[in-house]
Amino acid sequence: MQTRGVVLIPEDLSYAPWPQLAKQAGLRTIALHNWRGVAHVTDFIQKEEGAAFLAECETLGLAVEYELHAMSDLLPRDLFETEPTLFRMNDDGQRVNDYNLCVSGERVAEIIAERAVKIGRILRPTTGRYFLWGDDGKPWCRCPQCRDLSDSDQALIVANWLLKALRKEDPKAQVAHLAYLNTLEPPKRVRPEEGIFLEYAPIRRRYDIPYAQQTGAGYSNPLDLLEANLDVFERSTAQVLEYWLDASLFTRAQRPRPSTVVKIPWNSEVFSADVRLYAEYGIRHITSFACMIDATYVDLYGEPPIKEYGAVLAEVLKP
Ligand SMILES: [Zn+2]
């Protein structure tokens with residue numbers, strides 16, 4: 001079992017050859033991602049285009065997954081009016097319904113479990129691997145019961161709840177614990193249940209030099225964090241979520257912000273060194289965001305290096 005994939009937003013499928021291209025490149029998985037609420041993907045998948053995408057992937061033998069910032073959908077924000085204690089406490093000691101939730105309470109677990117199951121019925125990954133993440137890089141709860149738990153611990157508590165709920169519907173379900181920004185440090189006080197897998201997304205890294213060389217200012221020992229996470233989570237199921245192909249990341253990084261998508265700074269040597277590095281850590285599941293590589297992107301810059309991407313992953317990850 002391994003993953004070699006790309007992560008797209010629904011709009012990227014305006015470049016109609018994506019599934020064919022992924023197949024020709026030897027990739028195994030296309031995952032859909034949301035920039036707005038979970039409805040960004042559920043709305044798409046329930047339309048004709050969504051059904052056609054799923055059918056094409058099935059014909060081609062491609063797995064489909066859904067990688068979603070979901071916490072604000074799992075706990076509807078309007079419940080705040082009647083049940084504020086379900087929501088997180090901020091650093092000023094006030095309950096707020098801006099992001100995430102409070103992990104100290106029975107009822108919040110029930111609510112999000114029920115909604116996760118509903119989302120899972122619409123967005124059912126063909127691999128059994130579910131990705132229902134915390135809100136994008138946002139803080140967790142600082143109430144007296146939660147404040148001694150790190151954001152990573154709190155995110156893992158929720159992943160453990162979701163795993164239990166989803167397994168009632170999908171006995172082989174696995175659930176991602178996303179290590180990213182405020183959850184990049186490994187959890188210390190909470191243990192992953194069997195079926196939780198690490199998803200490591202090093203968004204703050206550089207792409208002009210290999211990840212292994214990034215020990216300079218502002219990048220202190222990133223590999224120590226990967227290693228520390230791999231001490232907590234199973235290696236064979238761990239996934240890296242990278243940004244080598246993510247035109248949206250490189251576009252957002254430009255100052256001033258360009259009016260159109262920028263070309264990804266693809267560097268074969270860096271990419272290849274990175275994949276080998278991850279493989280040395282025993283990682284078998286590697287994907288990259290490729291957001292904003294859509295019809296407009298291909299018109300501007302031609303076909304992205306998906307075949308090289310897929311070929312190197314297949315070569316390095318070969319059993
Ligand atoms: Zn709390």
# chains A, B, ... in the order shown; residues from 1 in each chain; ligands from 1
$ residues_around --residues "His69 of chain A" --least-positions-apart "3" --cutoff "9 Å" --atoms "only C-alpha atoms" --output "list in words"
His33, Asn34, Trp35, Arg36, Gly37, Val38, Ser72, Asp73, Phe131, Leu132, Trp133, Gly134, Asp135 and Asp136 of chain A
$ closest_atom_pairs --of "chain A" --to "ligand 1" --cutoff "12 Å" --atoms "only C-alpha atoms and all ligand atoms" --output "tab-separated table"
residue	atom	partner	partner_atom_place_in_ligand_line	distance
A:Pro84	CA	ligand 1	1 (Zn)	10.8
A:Thr85	CA	ligand 1	1 (Zn)	7.9
A:Leu86	CA	ligand 1	1 (Zn)	7.9
A:Phe87	CA	ligand 1	1 (Zn)	7.3
A:Arg88	CA	ligand 1	1 (Zn)	5.5
A:Met89	CA	ligand 1	1 (Zn)	6.2
A:Asn90	CA	ligand 1	1 (Zn)	9.3
A:Asp91	CA	ligand 1	1 (Zn)	11.4
A:Gly93	CA	ligand 1	1 (Zn)	10.4
A:Gln94	CA	ligand 1	1 (Zn)	10.8
A:Arg95	CA	ligand 1	1 (Zn)	9.0
A:Val96	CA	ligand 1	1 (Zn)	10.9
A:Asn100	CA	ligand 1	1 (Zn)	10.3
A:Leu101	CA	ligand 1	1 (Zn)	7.2
A:Cys102	CA	ligand 1	1 (Zn)	3.7
A:Val103	CA	ligand 1	1 (Zn)	5.3
A:Ser104	CA	ligand 1	1 (Zn)	5.0
A:Gly105	CA	ligand 1	1 (Zn)	7.8
A:Glu106	CA	ligand 1	1 (Zn)	11.4
A:Val108	CA	ligand 1	1 (Zn)	10.5
A:Pro139	CA	ligand 1	1 (Zn)	11.5
A:Trp140	CA	ligand 1	1 (Zn)	8.0
A:Cys141	CA	ligand 1	1 (Zn)	4.6
A:Arg142	CA	ligand 1	1 (Zn)	5.8
A:Cys143	CA	ligand 1	1 (Zn)	4.3
A:Pro144	CA	ligand 1	1 (Zn)	6.7
A:Gln145	CA	ligand 1	1 (Zn)	5.5
A:Cys146	CA	ligand 1	1 (Zn)	4.3
A:Arg147	CA	ligand 1	1 (Zn)	7.0
A:Asp148	CA	ligand 1	1 (Zn)	9.8
A:Leu149	CA	ligand 1	1 (Zn)	9.3
A:Ser150	CA	ligand 1	1 (Zn)	11.3
A:Asp151	CA	ligand 1	1 (Zn)	11.0
A:Asp153	CA	ligand 1	1 (Zn)	11.9
A:Gln154	CA	ligand 1	1 (Zn)	9.0
A:Ala155	CA	ligand 1	1 (Zn)	11.9
A:Ile157	CA	ligand 1	1 (Zn)	11.7
$ residues_around --residues "Gln24 of chain A" --least-positions-apart "6" --cutoff "10 Å" --atoms "only C-alpha atoms" --output "list in words"
Trp18, Leu60, Ile306, Lys307, Gly310 and Ala311 of chain A
$ closest_atom_pairs --of "segment 152-239 of chain A" --to "segment 114-120 of chain A" --cutoff "9 Å" --atoms "only C-alpha atoms" --output "Markdown table"
| residue | atom | partner | partner_atom | distance |
| --- | --- | --- | --- | --- |
| A:Leu162 | CA | A:Ala116 | CA | 6.9 |
| A:Ala165 | CA | A:Val117 | CA | 6.8 |
| A:Leu166 | CA | A:Val117 | CA | 5.8 |
| A:Lys168 | CA | A:Val117 | CA | 8.9 |
| A:Glu169 | CA | A:Val117 | CA | 7.3 |
$ atom_distance --atom1 "atom CA of Ala25 of chain A" --atom2 "atom CA of Gly5 of chain A"
9.9 Å
$ residues_around --residues "Phe289 of chain A" --least-positions-apart "3" --cutoff "10 Å" --atoms "only C-alpha atoms" --output "JSON, numbers by chain"
{"A": [5, 6, 7, 8, 9, 30, 31, 32, 33, 201, 241, 242, 243, 244, 245, 246, 247, 248, 249, 292, 293]}
$ write_last_selection --atoms "N, CA, C and O atoms" --output "mmCIF file, in the first residue's frame"
data_model
loop_
_atom_site.group_PDB
_atom_site.id
_atom_site.type_symbol
_atom_site.label_atom_id
_atom_site.label_comp_id
_atom_site.auth_asym_id
_atom_site.auth_seq_id
_atom_site.Cartn_x
_atom_site.Cartn_y
_atom_site.Cartn_z
ATOM 1 N N GLY A 5 0.380 10.794 -5.313
ATOM 2 C CA GLY A 5 -0.798 11.526 -5.756
ATOM 3 C C GLY A 5 -0.623 13.017 -5.913
ATOM 4 O O GLY A 5 0.458 13.581 -5.724
ATOM 5 N N VAL A 6 -1.726 13.627 -6.294
ATOM 6 C CA VAL A 6 -1.838 15.085 -6.334
ATOM 7 C C VAL A 6 -3.118 15.488 -5.603
ATOM 8 O O VAL A 6 -4.069 14.706 -5.533
ATOM 9 N N VAL A 7 -3.085 16.714 -5.072
ATOM 10 C CA VAL A 7 -4.233 17.267 -4.357
ATOM 11 C C VAL A 7 -4.669 18.534 -5.096
ATOM 12 O O VAL A 7 -3.871 19.462 -5.269
ATOM 13 N N LEU A 8 -5.920 18.540 -5.522
ATOM 14 C CA LEU A 8 -6.454 19.616 -6.365
ATOM 15 C C LEU A 8 -7.693 20.214 -5.731
ATOM 16 O O LEU A 8 -8.378 19.543 -4.945
ATOM 17 N N ILE A 9 -8.030 21.444 -6.102
ATOM 18 C CA ILE A 9 -9.363 21.954 -5.783
ATOM 19 C C ILE A 9 -10.264 21.655 -6.989
ATOM 20 O O ILE A 9 -9.756 21.450 -8.103
ATOM 21 N N ILE A 30 -5.899 10.880 -6.841
ATOM 22 C CA ILE A 30 -6.226 12.311 -6.900
ATOM 23 C C ILE A 30 -7.080 12.614 -5.670
ATOM 24 O O ILE A 30 -8.066 11.919 -5.404
ATOM 25 N N ALA A 31 -6.664 13.630 -4.923
ATOM 26 C CA ALA A 31 -7.470 14.061 -3.780
ATOM 27 C C ALA A 31 -8.032 15.443 -4.074
ATOM 28 O O ALA A 31 -7.377 16.259 -4.717
ATOM 29 N N LEU A 32 -9.239 15.676 -3.601
ATOM 30 C CA LEU A 32 -9.853 16.999 -3.738
ATOM 31 C C LEU A 32 -9.781 17.730 -2.399
ATOM 32 O O LEU A 32 -9.957 17.139 -1.331
ATOM 33 N N HIS A 33 -9.536 19.032 -2.505
ATOM 34 C CA HIS A 33 -9.274 19.879 -1.348
ATOM 35 C C HIS A 33 -10.227 21.073 -1.381
ATOM 36 O O HIS A 33 -10.693 21.458 -2.448
ATOM 37 N N ALA A 201 2.957 18.098 6.538
ATOM 38 C CA ALA A 201 2.868 19.099 5.464
ATOM 39 C C ALA A 201 3.768 20.298 5.787
ATOM 40 O O ALA A 201 3.360 21.207 6.510
ATOM 41 N N LEU A 241 2.551 15.475 2.693
ATOM 42 C CA LEU A 241 1.772 16.338 1.802
ATOM 43 C C LEU A 241 2.667 17.517 1.456
ATOM 44 O O LEU A 241 2.926 18.375 2.292
ATOM 45 N N GLU A 242 3.161 17.520 0.236
ATOM 46 C CA GLU A 242 4.157 18.511 -0.188
ATOM 47 C C GLU A 242 3.525 19.592 -1.075
ATOM 48 O O GLU A 242 2.317 19.573 -1.347
ATOM 49 N N TYR A 243 4.380 20.505 -1.523
ATOM 50 C CA TYR A 243 3.912 21.677 -2.277
ATOM 51 C C TYR A 243 4.727 21.882 -3.551
ATOM 52 O O TYR A 243 4.661 22.951 -4.143
ATOM 53 N N TRP A 244 5.474 20.864 -3.973
ATOM 54 C CA TRP A 244 6.333 21.036 -5.159
ATOM 55 C C TRP A 244 5.560 21.561 -6.371
ATOM 56 O O TRP A 244 6.084 22.285 -7.179
ATOM 57 N N LEU A 245 4.301 21.106 -6.492
ATOM 58 C CA LEU A 245 3.494 21.441 -7.681
ATOM 59 C C LEU A 245 2.425 22.493 -7.368
ATOM 60 O O LEU A 245 1.522 22.710 -8.183
ATOM 61 N N ASP A 246 2.511 23.102 -6.194
ATOM 62 C CA ASP A 246 1.384 23.929 -5.763
ATOM 63 C C ASP A 246 1.496 25.359 -6.282
ATOM 64 O O ASP A 246 2.038 26.244 -5.611
ATOM 65 N N ALA A 247 0.953 25.586 -7.460
ATOM 66 C CA ALA A 247 0.995 26.930 -8.052
ATOM 67 C C ALA A 247 0.334 27.949 -7.124
ATOM 68 O O ALA A 247 0.747 29.112 -7.079
ATOM 69 N N SER A 248 -0.641 27.542 -6.347
ATOM 70 C CA SER A 248 -1.312 28.499 -5.451
ATOM 71 C C SER A 248 -0.349 28.994 -4.370
ATOM 72 O O SER A 248 -0.349 30.168 -4.022
ATOM 73 N N LEU A 249 0.483 28.111 -3.835
ATOM 74 C CA LEU A 249 1.447 28.531 -2.806
ATOM 75 C C LEU A 249 2.439 29.538 -3.382
ATOM 76 O O LEU A 249 2.716 30.572 -2.771
ATOM 77 N N MET A 292 -4.327 25.336 -8.512
ATOM 78 C CA MET A 292 -4.213 26.371 -9.552
ATOM 79 C C MET A 292 -3.480 25.879 -10.803
ATOM 80 O O MET A 292 -3.180 26.675 -11.688
ATOM 81 N N ILE A 293 -3.182 24.600 -10.870
ATOM 82 C CA ILE A 293 -2.755 24.056 -12.163
ATOM 83 C C ILE A 293 -4.054 23.607 -12.846
ATOM 84 O O ILE A 293 -4.553 22.506 -12.637
#
$ select_by_dssp --residues "segment 168-296 of chain A" --states "helix (DSSP H, G or I)" --output "VMD selection string"
chain A and resid 168 to 169 181 to 183 211 to 213 222 to 232 247 to 253 268 to 280 295 to 296
